[in-house]
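K.L.:
input-v6.cif is reproduced below (mmCIF, C-alpha atoms).
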```cif
data_my_file
loop_
_atom_site.label_atom_id
_atom_site.label_comp_id
_atom_site.auth_asym_id
_atom_site.auth_seq_id
_atom_site.Cartn_x
_atom_site.Cartn_y
_atom_site.Cartn_z
CA SER A 184 -46.41 -51.75 2.75
CA GLU A 185 -46.68 -48.41 1.02
CA LEU A 186 -43.90 -45.86 1.46
CA GLU A 187 -45.22 -42.55 2.67
CA LEU A 188 -43.52 -39.68 0.88
CA GLY A 189 -45.60 -36.91 2.36
CA GLU A 190 -47.21 -34.09 0.45
CA GLU A 191 -46.00 -33.16 -2.98
CA PRO A 192 -43.92 -29.98 -3.06
CA SER A 193 -45.75 -26.93 -4.30
CA LYS A 194 -45.05 -25.94 -7.86
CA PRO A 195 -42.99 -22.77 -8.32
CA SER A 196 -44.72 -19.71 -9.64
CA PRO A 197 -44.08 -19.16 -13.33
CA PRO A 198 -41.92 -16.13 -14.23
CA GLU A 199 -43.59 -12.95 -15.28
CA TRP A 200 -44.29 -12.58 -18.96
CA LEU A 201 -41.35 -10.96 -20.76
CA ASP A 202 -42.13 -8.24 -23.24
CA GLU A 203 -39.20 -8.75 -25.58
CA GLU A 204 -40.04 -5.73 -27.73
CA ALA A 205 -40.15 -3.38 -24.72
CA LEU A 206 -36.90 -4.83 -23.35
CA GLU A 207 -35.17 -4.39 -26.70
CA GLU A 208 -36.37 -0.80 -26.87
CA GLN A 209 -34.93 -0.09 -23.39
CA VAL A 210 -31.57 -1.49 -24.44
CA ARG A 211 -31.55 0.57 -27.63
CA GLU A 212 -32.44 3.77 -25.76
CA LYS A 213 -29.69 3.22 -23.18
CA ALA A 214 -27.12 2.45 -25.87
CA ALA A 215 -28.10 5.56 -27.82
CA SER A 216 -27.81 7.77 -24.72
CA ILE A 217 -24.27 6.67 -23.80
CA ARG A 218 -22.83 6.07 -27.25
CA ARG A 219 -20.32 8.58 -28.53
CA LYS A 220 -21.80 10.58 -31.37
CA PRO A 221 -19.85 11.02 -34.62
CA GLY A 222 -17.40 13.92 -34.35
CA GLU A 223 -17.36 13.99 -30.54
CA PRO A 224 -13.93 13.74 -28.94
CA ILE A 225 -12.77 10.45 -27.46
CA LEU A 226 -12.58 10.80 -23.69
CA ILE A 227 -9.73 9.00 -21.93
CA PRO A 228 -9.89 8.92 -18.09
CA GLU A 229 -6.73 10.10 -16.37
CA LEU A 230 -5.83 9.65 -12.71
CA SER A 231 -4.15 12.73 -11.29
CA THR A 232 -2.99 13.70 -7.81
CA ALA A 233 -2.96 17.39 -8.65
CA GLY A 234 -6.70 17.92 -8.24
CA SER A 235 -8.33 19.35 -5.16
CA VAL A 236 -9.46 16.93 -2.45
CA THR A 237 -13.15 16.95 -1.60
CA ALA A 238 -13.79 18.58 1.76
CA SER A 239 -14.65 16.13 4.54
CA GLU A 240 -18.02 17.75 5.23
CA GLN A 241 -19.04 16.95 1.64
CA CYS A 242 -18.11 13.27 1.94
CA PRO A 243 -20.31 10.35 3.03
CA ARG A 244 -19.97 9.08 6.57
CA GLY A 245 -17.89 6.08 5.52
CA GLU A 246 -15.23 8.26 3.88
CA ILE A 247 -15.18 10.63 6.85
CA SER A 248 -14.52 7.66 9.15
CA ARG A 249 -11.71 6.49 6.87
CA ARG A 250 -10.01 9.90 6.97
CA GLU A 251 -10.34 10.11 10.73
CA ASP A 252 -8.76 6.66 11.03
CA VAL A 253 -5.80 7.70 8.84
CA LEU A 254 -5.11 10.63 11.17
CA LYS A 255 -4.84 8.22 14.11
CA ARG A 256 -2.00 6.30 12.46
CA SER A 257 1.68 7.16 12.34
CA VAL A 258 4.81 5.47 11.02
CA PHE A 259 8.40 5.22 12.20
CA VAL A 260 11.45 3.26 11.06
CA LYS A 261 14.04 1.39 13.13
CA VAL A 262 17.62 1.24 11.85
CA LEU A 263 19.33 -2.09 12.52
CA TYR A 264 23.05 -2.73 12.09
CA ASN A 265 24.04 -6.38 12.20
CA ASN A 266 20.52 -7.12 13.51
CA LYS A 267 20.88 -4.70 16.43
CA GLU A 268 18.86 -1.51 16.69
CA VAL A 269 21.15 1.51 16.56
CA SER A 270 18.63 4.27 15.92
CA ARG A 271 15.09 5.07 14.86
CA THR A 272 13.26 7.88 13.12
CA ASP A 273 10.73 10.18 14.69
CA SER A 274 7.12 9.09 14.40
CA ARG A 275 5.28 10.78 11.54
CA VAL A 276 1.54 10.92 10.80
CA LEU A 277 0.42 9.66 7.40
CA ASN A 278 -0.51 12.35 4.88
CA SER A 279 -3.74 12.13 2.92
CA ASP A 280 -1.75 10.65 0.01
CA PHE A 281 -0.17 8.06 2.34
CA ARG A 282 3.27 9.64 2.16
CA VAL A 283 5.61 10.18 5.10
CA HIS A 284 8.71 12.39 5.05
CA PHE A 285 11.30 11.73 7.74
CA GLY A 286 14.24 13.78 6.43
CA GLN A 287 16.67 12.46 9.06
CA ILE A 288 20.36 11.52 8.89
CA PHE A 289 21.96 8.91 11.14
CA ASN A 290 25.72 8.70 11.67
CA LEU A 291 27.17 5.37 12.76
CA LYS A 292 30.81 4.81 13.73
CA ILE A 293 31.94 1.25 12.99
CA VAL A 294 35.21 -0.67 13.11
CA ASN A 295 34.45 -3.86 11.19
CA TRP A 296 32.83 -4.38 7.83
CA PRO A 297 29.02 -4.62 8.27
CA GLU A 298 27.24 -7.92 7.86
CA CYS A 299 23.84 -6.38 7.16
CA VAL A 300 21.88 -3.17 7.42
CA LYS A 301 18.12 -3.31 7.51
CA LEU A 302 15.18 -1.05 8.23
CA GLN A 303 12.03 -2.06 10.07
CA VAL A 304 8.85 -0.16 9.19
CA PHE A 305 6.40 0.18 12.09
CA GLU A 306 2.86 1.52 12.27
CA THR A 307 1.61 3.10 15.49
CA VAL A 308 -2.06 3.23 16.49
CA GLY A 309 -2.56 4.62 19.96
CA SER A 310 0.04 2.91 22.16
CA SER A 311 0.38 -0.16 19.93
CA ASN A 312 3.26 -0.61 17.47
CA THR A 313 2.98 -3.13 14.62
CA LEU A 314 5.88 -4.30 12.45
CA LEU A 315 4.81 -3.94 8.83
CA ALA A 316 7.94 -5.00 6.98
CA GLU A 317 11.70 -5.44 7.07
CA VAL A 318 13.77 -3.88 4.31
CA PHE A 319 17.36 -4.98 3.70
CA VAL A 320 19.60 -2.13 2.54
CA PRO A 321 22.53 -3.01 0.23
CA ILE A 322 25.98 -2.38 1.73
CA PRO A 323 27.46 0.46 -0.35
CA ASP A 324 30.66 0.04 -2.34
CA THR A 325 33.76 1.71 -0.98
CA ILE A 326 33.48 4.45 -3.63
CA VAL A 327 29.97 5.48 -2.52
CA LEU A 328 30.66 8.54 -0.37
CA THR A 329 28.44 10.95 1.54
CA GLY A 330 27.31 13.88 -0.57
CA SER A 331 27.67 12.12 -3.91
CA SER A 332 25.32 9.14 -3.59
CA PRO A 333 21.69 9.35 -4.77
CA SER A 334 18.72 8.07 -2.83
CA GLU A 335 17.46 4.59 -3.61
CA GLU A 336 13.86 3.38 -3.49
CA LEU A 337 13.40 0.05 -1.74
CA GLU A 338 10.05 -1.68 -2.11
CA PHE A 339 8.38 -3.54 0.74
CA SER A 340 5.15 -5.43 1.35
CA SER A 341 3.30 -6.85 4.33
CA ASP A 342 1.08 -9.94 4.43
CA GLN A 343 -0.69 -8.69 7.54
CA ARG A 344 -4.49 -8.95 7.30
CA VAL A 345 -6.32 -5.73 8.19
CA MET A 346 -10.10 -5.21 8.04
CA PHE A 347 -11.99 -1.94 8.53
CA ASP A 348 -15.60 -0.98 9.17
CA HIS A 349 -15.35 2.10 6.93
CA GLU A 350 -14.46 2.83 3.29
CA GLY A 351 -10.84 1.62 3.61
CA VAL A 352 -10.11 -1.48 1.50
CA GLY A 353 -7.86 -2.98 4.19
CA SER A 354 -5.04 -5.43 3.50
CA ASP A 355 -5.23 -9.06 2.35
CA VAL A 356 -9.04 -8.72 2.21
CA PRO A 357 -11.06 -9.41 -0.98
CA PHE A 358 -13.02 -6.42 -2.29
CA SER A 359 -14.68 -5.38 -5.52
CA PHE A 360 -15.28 -2.18 -7.45
CA GLU A 361 -18.32 -3.77 -9.12
CA ALA A 362 -21.87 -3.27 -7.88
CA ASP A 363 -22.54 -7.02 -7.95
CA GLY A 364 -19.34 -7.84 -6.05
CA SER A 365 -17.66 -9.59 -8.99
CA ASN A 366 -14.00 -9.35 -10.07
CA LYS A 367 -12.71 -9.34 -6.52
CA LEU A 368 -9.23 -8.00 -5.81
CA VAL A 369 -6.87 -8.59 -2.90
CA LEU A 370 -4.37 -5.85 -2.09
CA LEU A 371 -1.52 -6.02 0.41
CA THR A 372 0.01 -3.20 2.41
CA SER A 373 2.99 -2.13 0.32
CA GLY A 374 5.16 0.88 -0.23
CA LYS A 375 8.53 2.31 -1.14
CA LEU A 376 11.20 3.51 1.27
CA SER A 377 13.59 6.10 -0.12
CA CYS A 378 16.96 6.17 1.63
CA CYS A 379 20.69 6.50 1.07
CA VAL A 380 23.58 4.64 2.71
CA SER A 381 27.12 5.92 2.16
CA TRP A 382 30.58 6.14 3.71
CA ALA A 383 31.58 9.36 5.46
CA VAL A 384 34.74 11.26 4.57
CA ALA A 385 37.32 12.38 7.16
CA ASP A 386 38.74 15.90 7.34
CA ASN A 387 41.77 14.72 5.38
CA SER A 388 39.44 13.59 2.55
CA ILE A 389 40.03 9.89 3.29
CA PRO A 390 36.87 7.73 3.17
CA LEU A 391 36.01 6.21 6.55
CA VAL A 392 35.72 2.66 5.23
CA PRO A 393 36.74 -0.47 7.20
CA PRO A 394 39.56 -2.52 5.67
CA VAL A 395 38.28 -4.24 2.54
CA ALA A 396 39.96 -7.46 3.67
CA GLN A 397 37.30 -7.75 6.37
CA GLN A 398 34.47 -8.15 3.87
CA HIS A 399 32.49 -11.35 4.27
CA GLY A 400 31.09 -13.39 1.45
CA GLY A 401 27.38 -13.15 0.81
CA VAL A 402 26.88 -9.70 2.24
CA HIS A 403 23.20 -8.63 2.07
#
```
Starting from the file, lay out its structure as structure tokens.
P.N.:
Amino acid sequence: SELELGEEPSKPSPPEWLDEEALEEQVREKAASIRRKPGEPILIPELSTAGSVTASEQCPRGEISRREDVLKRSVFVKVLYNNKEVSRTDSRVLNSDFRVHFGQIFNLKIVNWPECVKLQVFETVGSSNTLLAEVFVPIPDTIVLTGSSPSEELEFSSDQRVMFDHEGVGSDVPFSFEADGSNKLVLLTSGKLSCCVSWAVADNSIPLVPPVAQQHGGVH
């Protein structure tokens, strides 16, 4: 018996004829228009935060939505001593440059040498709080006293996946700066927390430090 294979598939249409000379001329014209002419200065792009920010009414709808979303978000930090919350900062709205200034000082009276001090960074949207990251703060040496210790920048990162329907790139989401979508990048929510931990000094100029003998091995 004969095997029925059905109708033969239709042949694809041949590509349009390519005018190589016209295509080469287009490439040459484009190259000549963007090529730096002899004697012209070499331009080096520079990213600066000192320039003026484009007014929202001059931005496309997607960027306006992104800015409005930023204004809905705020950040606060919990202070944990030996894994117990002892205080927290006020909630602050993100600035346009994604900076937040708390400017708060927390005094803690302790008897024993601390096991750990850590900070929890939270983001608030509406009535919902989301933990972004935990930052362990080094226990200061006994010679690090209030008023003489500099601030320290502690880096943190979050693997939380966040997707937006506006111009925001989100977090843990592939995106591309290229028109064809190539060279995809994946960025995570990250930042730096500037803080200072030190020992207070009593009125008699004696540092208020627990007995050194109480120190535990492997202090974070």
K.L.:
Name the residues that the PyMOL selection byres ((chain A and resi 390) around 12) picks from the file above, as a VMD selection string, using the file's chain letters and numbers.
P.N.:
chain A and resid 324 to 330 381 to 389 391 to 394
K.L.:
Since I can't run it myself right now, could you work out what the PyMOL selection byres ((chain A and resi 342) around 9) selects here and report it as a PDB file with C-alpha atoms, keeping the file's coordinate frame?
P.N.:
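Result written to part.pdb:
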```pdb
ATOM      1  CA  LEU A 315       4.810  -3.940   8.830  1.00  0.00           C
ATOM      2  CA  ALA A 316       7.940  -5.000   6.980  1.00  0.00           C
ATOM      3  CA  SER A 340       5.150  -5.430   1.350  1.00  0.00           C
ATOM      4  CA  SER A 341       3.300  -6.850   4.330  1.00  0.00           C
ATOM      5  CA  GLN A 343      -0.690  -8.690   7.540  1.00  0.00           C
ATOM      6  CA  ARG A 344      -4.490  -8.950   7.300  1.00  0.00           C
ATOM      7  CA  SER A 354      -5.040  -5.430   3.500  1.00  0.00           C
ATOM      8  CA  ASP A 355      -5.230  -9.060   2.350  1.00  0.00           C
ATOM      9  CA  LEU A 371      -1.520  -6.020   0.410  1.00  0.00           C
ATOM     10  CA  THR A 372       0.010  -3.200   2.410  1.00  0.00           C
TER      11      THR A 372
END
```
K.L.:
Closest to Gly351 (chain A) among A:Leu201, A:Ile247, A:Val308, A:Ile227, using all atoms listed in the file?
P.N.:
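Under the stated criterion, the closest residue is A:Ile247.
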K.L.:
Which is closest to Glu336 (chain A) among A:Val262, A:Leu254, A:Leu376, A:Val320, if we use all atoms listed in the file?
P.N.:
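The shortest atom-to-atom distance to Glu336 (chain A) comes from A:Leu376.
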K.L.:
Which value, in Å to one decimal, gives the distance between CA of Val369 (chain A) and CA of Val356 (chain A)?
P.N.:
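For CA of Val369 (chain A) relative to CA of Val356 (chain A), the distance reads 5.6 Å.
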K.L.:
Name all residues at most 8 Å from Phe319 (chain A) (count only C-alpha atoms; drop same-chain ones fewer than 2 positions away) and give them as a PyMOL selection string.
P.N.:
chain A and resi 299-302+317+321+403
K.L.:
Using only C-alpha atoms, which of the listed residues (A:Arg250, A:Arg271, A:Lys367, A:Arg244) sits closest to Ile288 (chain A)?
P.N.:
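Selected residue with least distance to Ile288 (chain A): A:Arg271.
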K.L.:
Where does the PyMOL selection byres ((chain A and resi 257) around 10) land in this file, that is, which residues does it pick, as a PyMOL selection string?
P.N.:
chain A and resi 253-256+258-259+273-278+283+305-309+312
K.L.:
Please report the interatomic distance between CA of Phe285 (chain A) and CA of Ser377 (chain A) in Å with one decimal.
P.N.:
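Spanning CA of Phe285 (chain A) to CA of Ser377 (chain A) is a straight-line distance of 9.9 Å.
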K.L.:
How many Å separate CA of Ala238 (chain A) from CA of Asp252 (chain A)?
P.N.:
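Interatomic distance here is 15.9 Å.
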K.L.:
Hey, which of A:Arg282, A:Ala233, A:Ile322, A:Ser310 ends up closest to Pro297 (chain A)? Count only C-alpha atoms.
P.N.:
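Residue with the minimum atom-to-atom distance to Pro297 (chain A): A:Ile322.
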